[in-house]
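Structure data follow from structure18.txt (compact mmCIF, C-alpha atoms):
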```
# COMPACT_ATOMS: atom_id res chain seq x y z
CA MET H 1056 80.57 103.34 135.73
CA GLU H 1057 82.26 100.08 136.69
CA PHE H 1058 83.91 98.54 133.61
CA LYS H 1059 82.10 95.22 134.00
CA ASP H 1060 78.73 97.01 133.99
CA LEU H 1061 79.71 99.43 131.24
CA ILE H 1062 80.53 96.75 128.68
CA ARG H 1063 77.07 95.28 129.18
CA ALA H 1064 75.25 98.64 129.26
CA ARG H 1065 76.85 99.93 126.05
CA ARG H 1066 74.64 99.34 123.03
CA SER H 1067 74.93 100.47 119.43
CA ILE H 1068 72.48 103.39 119.26
CA ARG H 1069 70.54 104.20 116.09
CA GLU H 1070 67.95 106.66 117.45
CA PHE H 1071 69.26 109.94 118.77
CA ASP H 1072 67.84 112.85 120.71
CA HIS H 1073 68.14 116.25 119.00
CA LYS H 1074 70.28 117.63 121.83
CA ALA H 1075 73.76 118.66 120.74
CA VAL H 1076 76.78 116.98 122.30
CA PRO H 1077 78.89 119.57 124.15
CA MET H 1078 82.25 120.03 122.41
CA ASP H 1079 84.17 119.81 125.70
CA VAL H 1080 82.64 116.37 126.31
CA LEU H 1081 83.66 115.24 122.82
CA ARG H 1082 87.21 116.40 123.48
CA LEU H 1083 87.32 114.41 126.74
CA ILE H 1084 86.15 111.30 124.87
CA VAL H 1085 88.81 111.82 122.21
CA ALA H 1086 91.43 112.19 124.96
CA ASP H 1087 90.24 108.93 126.55
CA SER H 1088 90.51 107.22 123.14
CA THR H 1089 94.19 108.03 122.95
CA MET H 1090 94.81 105.96 126.10
CA ALA H 1091 94.36 102.84 123.93
CA PRO H 1092 97.34 100.55 123.46
CA ASN H 1093 98.88 100.79 120.00
CA ALA H 1094 101.83 99.46 118.07
CA ARG H 1095 105.15 100.90 119.25
CA ASN H 1096 103.31 103.78 121.03
CA ALA H 1097 103.19 105.57 117.67
CA GLN H 1098 99.65 106.87 118.39
CA PRO H 1099 98.97 107.08 114.66
CA TRP H 1100 95.28 108.02 115.01
CA ALA H 1101 93.69 111.35 114.13
CA PHE H 1102 90.19 112.65 114.74
CA SER H 1103 87.74 114.78 112.76
CA ILE H 1104 84.72 115.99 114.72
CA VAL H 1105 81.65 116.96 112.69
CA ALA H 1106 78.72 118.48 114.55
CA ASN H 1107 77.18 120.23 111.57
CA ARG H 1108 74.01 118.65 110.16
CA ASP H 1109 74.53 119.94 106.63
CA LEU H 1110 78.03 118.46 106.41
CA ILE H 1111 76.87 115.19 108.01
CA ARG H 1112 74.15 114.87 105.35
CA ARG H 1113 76.64 115.54 102.54
CA LEU H 1114 79.05 112.95 104.01
CA SER H 1115 76.21 110.42 104.22
CA ASP H 1116 75.25 111.06 100.58
CA GLU H 1117 78.89 110.74 99.45
CA SER H 1118 79.42 107.45 101.28
CA LYS H 1119 76.14 105.96 99.97
CA LYS H 1120 77.01 106.96 96.40
CA ASN H 1121 80.47 105.38 96.58
CA ILE H 1122 79.28 102.14 98.16
CA LEU H 1123 76.57 101.78 95.49
CA TRP H 1124 79.21 102.42 92.82
CA ASP H 1125 81.49 99.75 94.33
CA MET H 1126 78.57 97.35 94.44
CA ASP H 1127 77.97 97.74 90.71
CA GLU H 1128 81.68 97.04 90.11
CA ASN H 1129 81.78 94.08 92.48
CA PRO H 1130 78.59 92.00 92.51
CA SER H 1131 79.85 89.97 95.49
CA SER H 1132 80.10 93.12 97.65
CA PRO H 1133 79.34 92.37 101.30
CA TYR H 1134 77.14 95.48 101.24
CA LYS H 1135 74.67 94.15 98.69
CA THR H 1136 71.96 93.47 101.28
CA TYR H 1137 71.97 97.23 101.94
CA ARG H 1138 71.13 98.26 98.36
CA ALA H 1139 67.55 99.33 99.11
CA ILE H 1140 68.44 101.63 102.02
CA LEU H 1141 71.46 103.02 100.17
CA GLU H 1142 69.19 103.92 97.24
CA ASP H 1143 66.72 105.63 99.62
CA ALA H 1144 67.53 109.36 99.30
CA GLY H 1145 65.98 110.00 102.73
CA PHE H 1146 68.19 107.50 104.56
CA ASN H 1147 71.02 109.05 106.54
CA VAL H 1148 73.71 106.42 107.20
CA PHE H 1149 74.54 108.25 110.44
CA TYR H 1150 70.96 107.82 111.74
CA ASN H 1151 70.49 111.61 112.01
CA ALA H 1152 72.97 111.76 114.88
CA PRO H 1153 73.93 115.32 115.86
CA CYS H 1154 77.63 114.46 115.65
CA VAL H 1155 79.94 112.11 113.76
CA VAL H 1156 83.58 111.49 114.65
CA PHE H 1157 85.97 110.06 112.06
CA ILE H 1158 89.11 108.23 113.18
CA SER H 1159 91.74 108.09 110.47
CA GLY H 1160 95.43 107.48 110.00
CA SER H 1161 98.14 107.08 107.43
CA LYS H 1162 97.86 104.11 105.09
CA ALA H 1163 101.65 103.81 105.40
CA VAL H 1164 101.28 102.55 108.99
CA ARG H 1165 100.98 98.76 108.75
CA SER H 1166 98.88 98.47 111.91
CA ILE H 1167 96.59 101.43 111.15
CA PHE H 1168 93.32 99.45 111.09
CA VAL H 1169 94.08 97.75 114.40
CA ASP H 1170 95.42 100.90 116.11
CA CYS H 1171 92.42 103.02 115.08
CA ALA H 1172 89.99 100.22 116.01
CA LEU H 1173 91.51 100.09 119.51
CA ALA H 1174 91.01 103.87 119.82
CA GLY H 1175 87.46 103.38 118.51
CA ALA H 1176 86.70 100.80 121.21
CA TYR H 1177 87.86 103.24 123.87
CA PHE H 1178 85.86 106.02 122.19
CA MET H 1179 82.60 104.07 122.28
CA LEU H 1180 83.09 102.96 125.89
CA SER H 1181 84.05 106.44 127.07
CA ALA H 1182 80.99 107.91 125.35
CA ALA H 1183 78.71 105.31 126.98
CA ASP H 1184 80.34 106.08 130.35
CA ARG H 1185 79.26 109.71 129.85
CA GLY H 1186 75.65 108.83 128.96
CA LEU H 1187 76.13 109.12 125.22
CA GLY H 1188 75.20 106.64 122.53
CA THR H 1189 77.38 105.68 119.59
CA CYS H 1190 77.21 103.56 116.49
CA TRP H 1191 80.26 102.60 114.41
CA VAL H 1192 78.82 103.15 110.93
CA ASP H 1193 80.50 100.83 108.49
CA LEU H 1194 78.48 102.43 105.67
CA GLY H 1195 79.83 105.89 106.52
CA SER H 1196 83.55 105.57 105.73
CA ALA H 1197 83.55 105.75 101.93
CA ILE H 1198 84.44 109.45 101.68
CA ARG H 1199 86.52 110.00 98.52
CA ASP H 1200 85.54 113.42 97.22
CA LYS H 1201 88.57 115.73 97.56
CA GLY H 1202 86.45 118.63 98.76
CA LEU H 1203 84.74 116.60 101.49
CA ARG H 1204 88.02 115.02 102.58
CA GLY H 1205 89.34 118.56 102.86
CA GLU H 1206 86.39 119.56 105.04
CA LEU H 1207 87.40 116.70 107.38
CA GLY H 1208 91.01 117.91 107.35
CA LEU H 1209 92.21 114.52 106.04
CA PRO H 1210 95.77 114.41 104.71
CA ASP H 1211 96.02 112.66 101.32
CA ASP H 1212 97.57 109.53 102.81
CA HIS H 1213 94.84 109.02 105.46
CA VAL H 1214 92.33 106.21 105.41
CA ILE H 1215 89.14 106.52 107.46
CA VAL H 1216 89.02 103.48 109.74
CA ALA H 1217 86.02 104.43 111.87
CA ALA H 1218 83.01 106.69 111.35
CA ILE H 1219 81.20 106.86 114.67
CA ALA H 1220 77.79 108.49 115.10
CA VAL H 1221 77.48 110.13 118.53
CA GLY H 1222 74.55 111.62 120.42
CA TYR H 1223 72.24 111.26 123.37
CA PRO H 1224 70.16 108.10 122.90
CA ALA H 1225 66.45 108.59 122.17
CA SER H 1226 65.99 104.90 122.92
CA VAL H 1227 68.28 102.11 124.03
CA PRO H 1228 67.58 98.78 122.32
CA ALA H 1229 67.68 95.43 124.10
CA PRO H 1230 71.02 93.65 123.83
CA PRO H 1231 71.31 91.60 120.64
CA PRO H 1232 71.92 87.90 121.14
CA ARG H 1233 75.51 86.94 121.86
CA SER H 1234 76.79 83.51 120.90
CA ASP H 1235 78.86 81.57 123.38
CA PRO H 1236 82.51 82.47 122.78
CA ARG H 1237 84.10 80.34 120.07
CA ILE H 1238 87.12 78.82 121.82
CA LEU H 1239 89.09 76.85 119.25
CA ARG H 1240 91.54 75.25 121.63
CA VAL H 1241 92.72 75.33 125.23
CA VAL H 1242 96.25 74.01 125.77
CA GLU H 1243 97.35 73.64 129.38
CA MET A 1469 87.17 99.36 138.63
CA GLU A 1470 85.62 102.55 137.27
CA PHE A 1471 86.15 102.72 133.50
CA LYS A 1472 87.80 106.16 133.65
CA ASP A 1473 90.37 104.86 136.16
CA LEU A 1474 90.83 101.54 134.39
CA ILE A 1475 91.90 103.06 131.05
CA ARG A 1476 94.61 105.00 132.88
CA ALA A 1477 95.69 102.09 135.12
CA ARG A 1478 96.04 99.58 132.25
CA ARG A 1479 99.61 99.34 131.02
CA SER A 1480 101.25 97.02 128.55
CA ILE A 1481 103.03 94.51 130.80
CA ARG A 1482 106.30 92.87 129.77
CA GLU A 1483 107.40 91.34 133.11
CA PHE A 1484 105.25 88.58 134.49
CA ASP A 1485 104.99 86.71 137.76
CA HIS A 1486 105.33 82.91 137.47
CA LYS A 1487 101.84 82.36 138.89
CA ALA A 1488 99.48 80.63 136.46
CA VAL A 1489 96.30 82.41 135.38
CA PRO A 1490 93.25 80.40 136.47
CA MET A 1491 91.42 79.01 133.45
CA ASP A 1492 88.02 80.13 134.77
CA VAL A 1493 89.31 83.72 134.90
CA LEU A 1494 90.55 83.45 131.31
CA ARG A 1495 87.14 82.21 130.21
CA LEU A 1496 85.45 85.18 131.92
CA ILE A 1497 87.81 87.56 130.09
CA VAL A 1498 87.05 85.86 126.79
CA ALA A 1499 83.32 86.17 127.50
CA ASP A 1500 83.77 89.90 128.24
CA SER A 1501 85.64 90.28 124.94
CA THR A 1502 82.63 89.05 123.01
CA MET A 1503 80.60 92.02 124.30
CA ALA A 1504 82.53 94.22 121.86
CA PRO A 1505 80.60 95.86 119.04
CA ASN A 1506 81.25 94.27 115.66
CA ALA A 1507 80.05 94.52 112.08
CA ARG A 1508 76.50 93.20 111.61
CA ASN A 1509 76.72 91.37 114.97
CA ALA A 1510 78.49 88.54 113.13
CA GLN A 1511 80.85 87.97 116.10
CA PRO A 1512 83.48 86.55 113.75
CA TRP A 1513 86.18 86.21 116.40
CA ALA A 1514 87.63 82.97 117.79
CA PHE A 1515 90.02 82.36 120.67
CA SER A 1516 92.90 79.96 121.28
CA ILE A 1517 94.14 79.83 124.87
CA VAL A 1518 97.70 78.58 125.39
CA ALA A 1519 98.88 78.13 128.97
CA ASN A 1520 101.63 75.64 128.19
CA ARG A 1521 105.19 76.97 128.37
CA ASP A 1522 106.60 74.50 125.87
CA LEU A 1523 104.03 75.41 123.22
CA ILE A 1524 104.44 79.15 123.95
CA ARG A 1525 108.19 78.82 123.36
CA ARG A 1526 107.65 76.97 120.08
CA LEU A 1527 105.14 79.61 118.94
CA SER A 1528 107.63 82.36 119.82
CA ASP A 1529 110.38 80.62 117.83
CA GLU A 1530 108.08 80.11 114.84
CA SER A 1531 106.97 83.76 114.76
CA LYS A 1532 110.55 85.05 115.11
CA LYS A 1533 111.72 82.79 112.28
CA ASN A 1534 108.97 83.96 109.93
CA ILE A 1535 109.42 87.65 110.67
CA LEU A 1536 113.17 87.34 110.05
CA TRP A 1537 112.44 85.55 106.78
CA ASP A 1538 110.00 88.31 105.72
CA MET A 1539 112.62 90.90 106.62
CA ASP A 1540 115.14 89.33 104.29
CA GLU A 1541 112.53 89.34 101.51
CA ASN A 1542 111.45 92.92 102.21
CA PRO A 1543 114.29 95.21 103.29
CA SER A 1544 111.81 98.00 104.12
CA SER A 1545 110.04 95.79 106.70
CA PRO A 1546 108.70 97.83 109.62
CA TYR A 1547 110.21 95.16 111.89
CA LYS A 1548 113.81 95.79 110.89
CA THR A 1549 114.64 97.61 114.14
CA TYR A 1550 113.86 94.34 115.92
CA ARG A 1551 116.42 92.22 114.05
CA ALA A 1552 118.82 91.88 116.99
CA ILE A 1553 116.23 90.65 119.47
CA LEU A 1554 114.61 88.38 116.87
CA GLU A 1555 118.02 86.78 116.26
CA ASP A 1556 118.54 86.27 120.01
CA ALA A 1557 117.61 82.62 120.61
CA GLY A 1558 116.91 83.36 124.28
CA PHE A 1559 114.34 86.08 123.56
CA ASN A 1560 110.74 85.00 123.99
CA VAL A 1561 108.44 87.38 122.08
CA PHE A 1562 105.74 86.70 124.68
CA TYR A 1563 108.01 87.93 127.52
CA ASN A 1564 107.83 84.56 129.30
CA ALA A 1565 104.17 85.13 130.13
CA PRO A 1566 102.43 82.04 131.54
CA CYS A 1567 99.62 82.37 129.01
CA VAL A 1568 99.03 83.66 125.48
CA VAL A 1569 95.62 84.14 123.90
CA PHE A 1570 95.26 84.31 120.12
CA ILE A 1571 92.28 86.06 118.56
CA SER A 1572 91.65 84.96 114.99
CA GLY A 1573 88.94 84.96 112.37
CA SER A 1574 88.20 84.16 108.77
CA LYS A 1575 90.08 86.14 106.15
CA ALA A 1576 86.83 86.12 104.15
CA VAL A 1577 85.26 88.57 106.63
CA ARG A 1578 86.05 92.04 105.29
CA SER A 1579 86.03 93.63 108.77
CA ILE A 1580 88.01 90.87 110.50
CA PHE A 1581 90.95 93.04 111.60
CA VAL A 1582 88.67 95.68 113.08
CA ASP A 1583 86.26 93.20 114.69
CA CYS A 1584 89.06 91.20 116.32
CA ALA A 1585 90.85 94.39 117.44
CA LEU A 1586 87.66 95.56 119.17
CA ALA A 1587 87.47 92.22 120.98
CA GLY A 1588 91.17 92.61 121.81
CA ALA A 1589 90.57 96.02 123.39
CA TYR A 1590 87.85 94.54 125.59
CA PHE A 1591 90.13 91.58 126.41
CA MET A 1592 92.97 93.78 127.62
CA LEU A 1593 90.67 96.02 129.69
CA SER A 1594 88.83 93.08 131.24
CA ALA A 1595 92.15 91.46 132.15
CA ALA A 1596 93.39 94.69 133.77
CA ASP A 1597 90.09 94.97 135.67
CA ARG A 1598 90.86 91.53 137.14
CA GLY A 1599 94.39 92.44 138.20
CA LEU A 1600 96.08 90.82 135.22
CA GLY A 1601 98.61 92.31 132.86
CA THR A 1602 98.58 91.94 129.08
CA CYS A 1603 100.70 92.87 126.12
CA TRP A 1604 99.46 92.71 122.51
CA VAL A 1605 102.53 91.15 120.89
CA ASP A 1606 102.77 92.28 117.30
CA LEU A 1607 105.84 90.05 116.87
CA GLY A 1608 103.88 86.97 117.95
CA SER A 1609 101.30 86.58 115.16
CA ALA A 1610 103.42 85.10 112.36
CA ILE A 1611 102.41 81.47 112.96
CA ARG A 1612 102.41 79.64 109.60
CA ASP A 1613 103.55 76.11 110.35
CA LYS A 1614 100.63 73.75 109.72
CA GLY A 1615 101.39 71.70 112.81
CA LEU A 1616 101.49 74.71 115.11
CA ARG A 1617 98.36 76.18 113.55
CA GLY A 1618 96.72 72.85 114.24
CA GLU A 1619 97.80 72.99 117.89
CA LEU A 1620 95.99 76.35 118.09
CA GLY A 1621 92.91 74.82 116.45
CA LEU A 1622 93.04 77.39 113.64
CA PRO A 1623 90.88 76.65 110.61
CA ASP A 1624 92.76 77.08 107.31
CA ASP A 1625 91.00 80.34 106.47
CA HIS A 1626 91.81 82.02 109.81
CA VAL A 1627 94.20 84.90 110.22
CA ILE A 1628 95.64 85.68 113.66
CA VAL A 1629 94.79 89.31 114.39
CA ALA A 1630 95.96 89.48 118.00
CA ALA A 1631 98.47 87.53 120.07
CA ILE A 1632 98.08 88.72 123.64
CA ALA A 1633 100.45 87.72 126.45
CA VAL A 1634 98.60 87.42 129.77
CA GLY A 1635 99.77 87.00 133.34
CA TYR A 1636 100.07 88.61 136.74
CA PRO A 1637 102.39 91.62 136.46
CA ALA A 1638 105.79 91.33 138.16
CA SER A 1639 106.15 95.07 137.70
CA VAL A 1640 103.97 97.82 136.27
CA PRO A 1641 105.89 100.39 134.24
CA ALA A 1642 105.17 104.12 134.37
CA PRO A 1643 102.78 105.31 131.68
CA PRO A 1644 104.56 106.09 128.41
CA PRO A 1645 104.19 109.64 127.16
CA ARG A 1646 100.94 110.41 125.35
CA SER A 1647 100.80 113.13 122.72
CA ASP A 1648 97.91 115.56 122.76
CA PRO A 1649 95.16 114.12 120.58
CA ARG A 1650 95.60 114.98 116.91
CA ILE A 1651 92.30 116.65 116.02
CA LEU A 1652 92.34 117.39 112.29
CA ARG A 1653 89.18 119.44 112.15
CA VAL A 1654 86.20 120.47 114.23
CA VAL A 1655 83.14 121.50 112.20
CA GLU A 1656 80.23 122.98 114.18
```

Would you encode the structure as structure tokens?
Amino acid sequence: MEFKDLIRARRSIREFDHKAVPMDVLRLIVADSTMAPNARNAQPWAFSIVANRDLIRRLSDESKKNILWDMDENPSSPYKTYRAILEDAGFNVFYNAPCVVFISGSKAVRSIFVDCALAGAYFMLSAADRGLGTCWVDLGSAIRDKGLRGELGLPDDHVIVAAIAVGYPASVPAPPPRSDPRILRVVE
Amino acid sequence: MEFKDLIRARRSIREFDHKAVPMDVLRLIVADSTMAPNARNAQPWAFSIVANRDLIRRLSDESKKNILWDMDENPSSPYKTYRAILEDAGFNVFYNAPCVVFISGSKAVRSIFVDCALAGAYFMLSAADRGLGTCWVDLGSAIRDKGLRGELGLPDDHVIVAAIAVGYPASVPAPPPRSDPRILRVVE
């Protein structure tokens, strides 16, 4: 698709078809993601691809548990408006997507959040270009259990920057409202 | 351009033509940037557009000075390989681009680095789609002087996430080597 159309067609998808995402398509999307610019061409990103519903459910439960725990520790948590859904045992933070891809990297890399976010932007656009829907799930990154981190292949020093649900969209929502760009200053 | 071609055609550009970038084109690129996904659709990003060579030079000098200062405070600074160029008074961190765009947002927003990086990815792709070159200049964000921050219109609570040099490319380098994607685990 033309880039200018793609950025307007891409939506965050929260209702997925049951159809599995072919692994060769996921690998092409991951390869596209690594075309993103990044600090000093260090390419510090790494990918964990989970297309197993049992593991996705356990990752969802782990992340919900940890965010609720953090919320009790920190009453000003930005997540506090999500308490009810996080306490709902039936709620899957990944919206029952057939696949979730985690983008992670070493905490020792100063630019790791920015580098992995750039790869994530490319990931979501490449998926949309191939007819897939994605949602960057902010509530899905709090994976701390050693066993589950091991199932994702995460080295000890890795932080999960992005947890992205992927699947064929069951429905595509209307675009949410966009504010006019906030331009603080133009100096000519 | 088709997205799949665009992500391979986009290069970080460090040699710019003298031609100015039309302000209406810059505003279109900024508008494209705000199509990026972001946490809770808060759209926390803000833009400062600088197309004035005197101000760009002063911003370059300010950022160089602060990074050198930080380096003296912190001998393990990741910037230490850049000491020689940072000490070169003739070196402009923005590569003498005719325009620099700063993307900033409130430090109070937990996801500000990720949200602004996603907008930055869209910015760089949209610019490339319009025949422009960009370079995300990691060495150009250390703007602390109150007067200069004021010239950028930055509110006190804003952090600069991206400083992006923009202009028509004088030359387009060959693609740098890309490693095979690092896939930690595939679970089916």

Within 6 Å of chain H: residues of chain A, using all atoms listed in the file, as number ranges by chain: A: 1469-1471, 1514-1520, 1582, 1585-1586, 1589, 1620-1621, 1650-1656

What's the separation between CA of Val1640 (chain A) and CA of Ala1595 (chain A), in Å to one decimal place?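 The value is 14.0 Å.
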
Considering all atoms listed in the file, state which residue in the set H:Asp1079, H:Asp1072, H:Asp1200, H:Asp1211 is at the smallest distance from Lys1120 (chain H).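 Residue with the minimum atom-to-atom distance to Lys1120 (chain H): H:Asp1200.
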
Considering only C-alpha atoms, state which residue in the set H:Leu1141, H:Pro1130, H:Lys1162, H:Ala1218 is at the smallest distance from Ala1197 (chain H).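 Closest to Ala1197 (chain H), using only C-alpha atoms: H:Ala1218.
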
What is the CA of Val1155 (chain H) to CA of Ala1225 (chain H) distance in Å?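 Pair CA of Val1155 (chain H) / CA of Ala1225 (chain H) returns 16.3 Å.
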
As an exercise, work out the distance from CA of Ser1574 (chain A) to CA of Ile1628 (chain A) in Å and give it to one decimal place.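 Distance between the two atoms: 9.0 Å.
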
Around (68.4, 110.3, 101.9), as given in the file, which residues come within 12 Å? Count only C-alpha atoms and list them as a list in words.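 Looking at atoms near the point gives Ile1111, Arg1112, Arg1113, Leu1114, Ser1115, Asp1116, Glu1117, Ser1118, Lys1119, Lys1120, Ala1139, Ile1140, Leu1141, Glu1142, Asp1143, Ala1144, Gly1145, Phe1146, Asn1147, Val1148, Phe1149, Tyr1150 and Asn1151 of chain H.
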
Counting all atoms listed in the file, which residue out of A:Thr1549, A:Asn1534, A:Thr1602, A:Ser1544 sits closest to Ala1565 (chain A)?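 Comparing A:Thr1549, A:Asn1534, A:Thr1602, A:Ser1544 against Ala1565 (chain A), the winner is A:Thr1602.
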
Residue nearest Pro1077 (chain H) among H:Pro1228, H:Gly1195, H:Gly1202, H:Gly1222 (counting all atoms listed in the file):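 Once distances to Pro1077 (chain H) are computed over all atoms listed in the file, the minimum belongs to H:Gly1222.
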
I need the residue nearest Pro1153 (chain H) from this list: H:Val1076, H:Leu1123, H:Leu1081, H:Ala1229. Use all atoms listed in the file for the distance.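 Of H:Val1076, H:Leu1123, H:Leu1081, H:Ala1229, the one nearest Pro1153 (chain H), counting all atoms listed in the file, is H:Val1076.
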
Closest of A:Leu1616, A:Met1539, A:Ala1596, A:Ile1611 to Val1634 (chain A) - atom-to-atom distances counting only C-alpha atoms: A:Ala1596
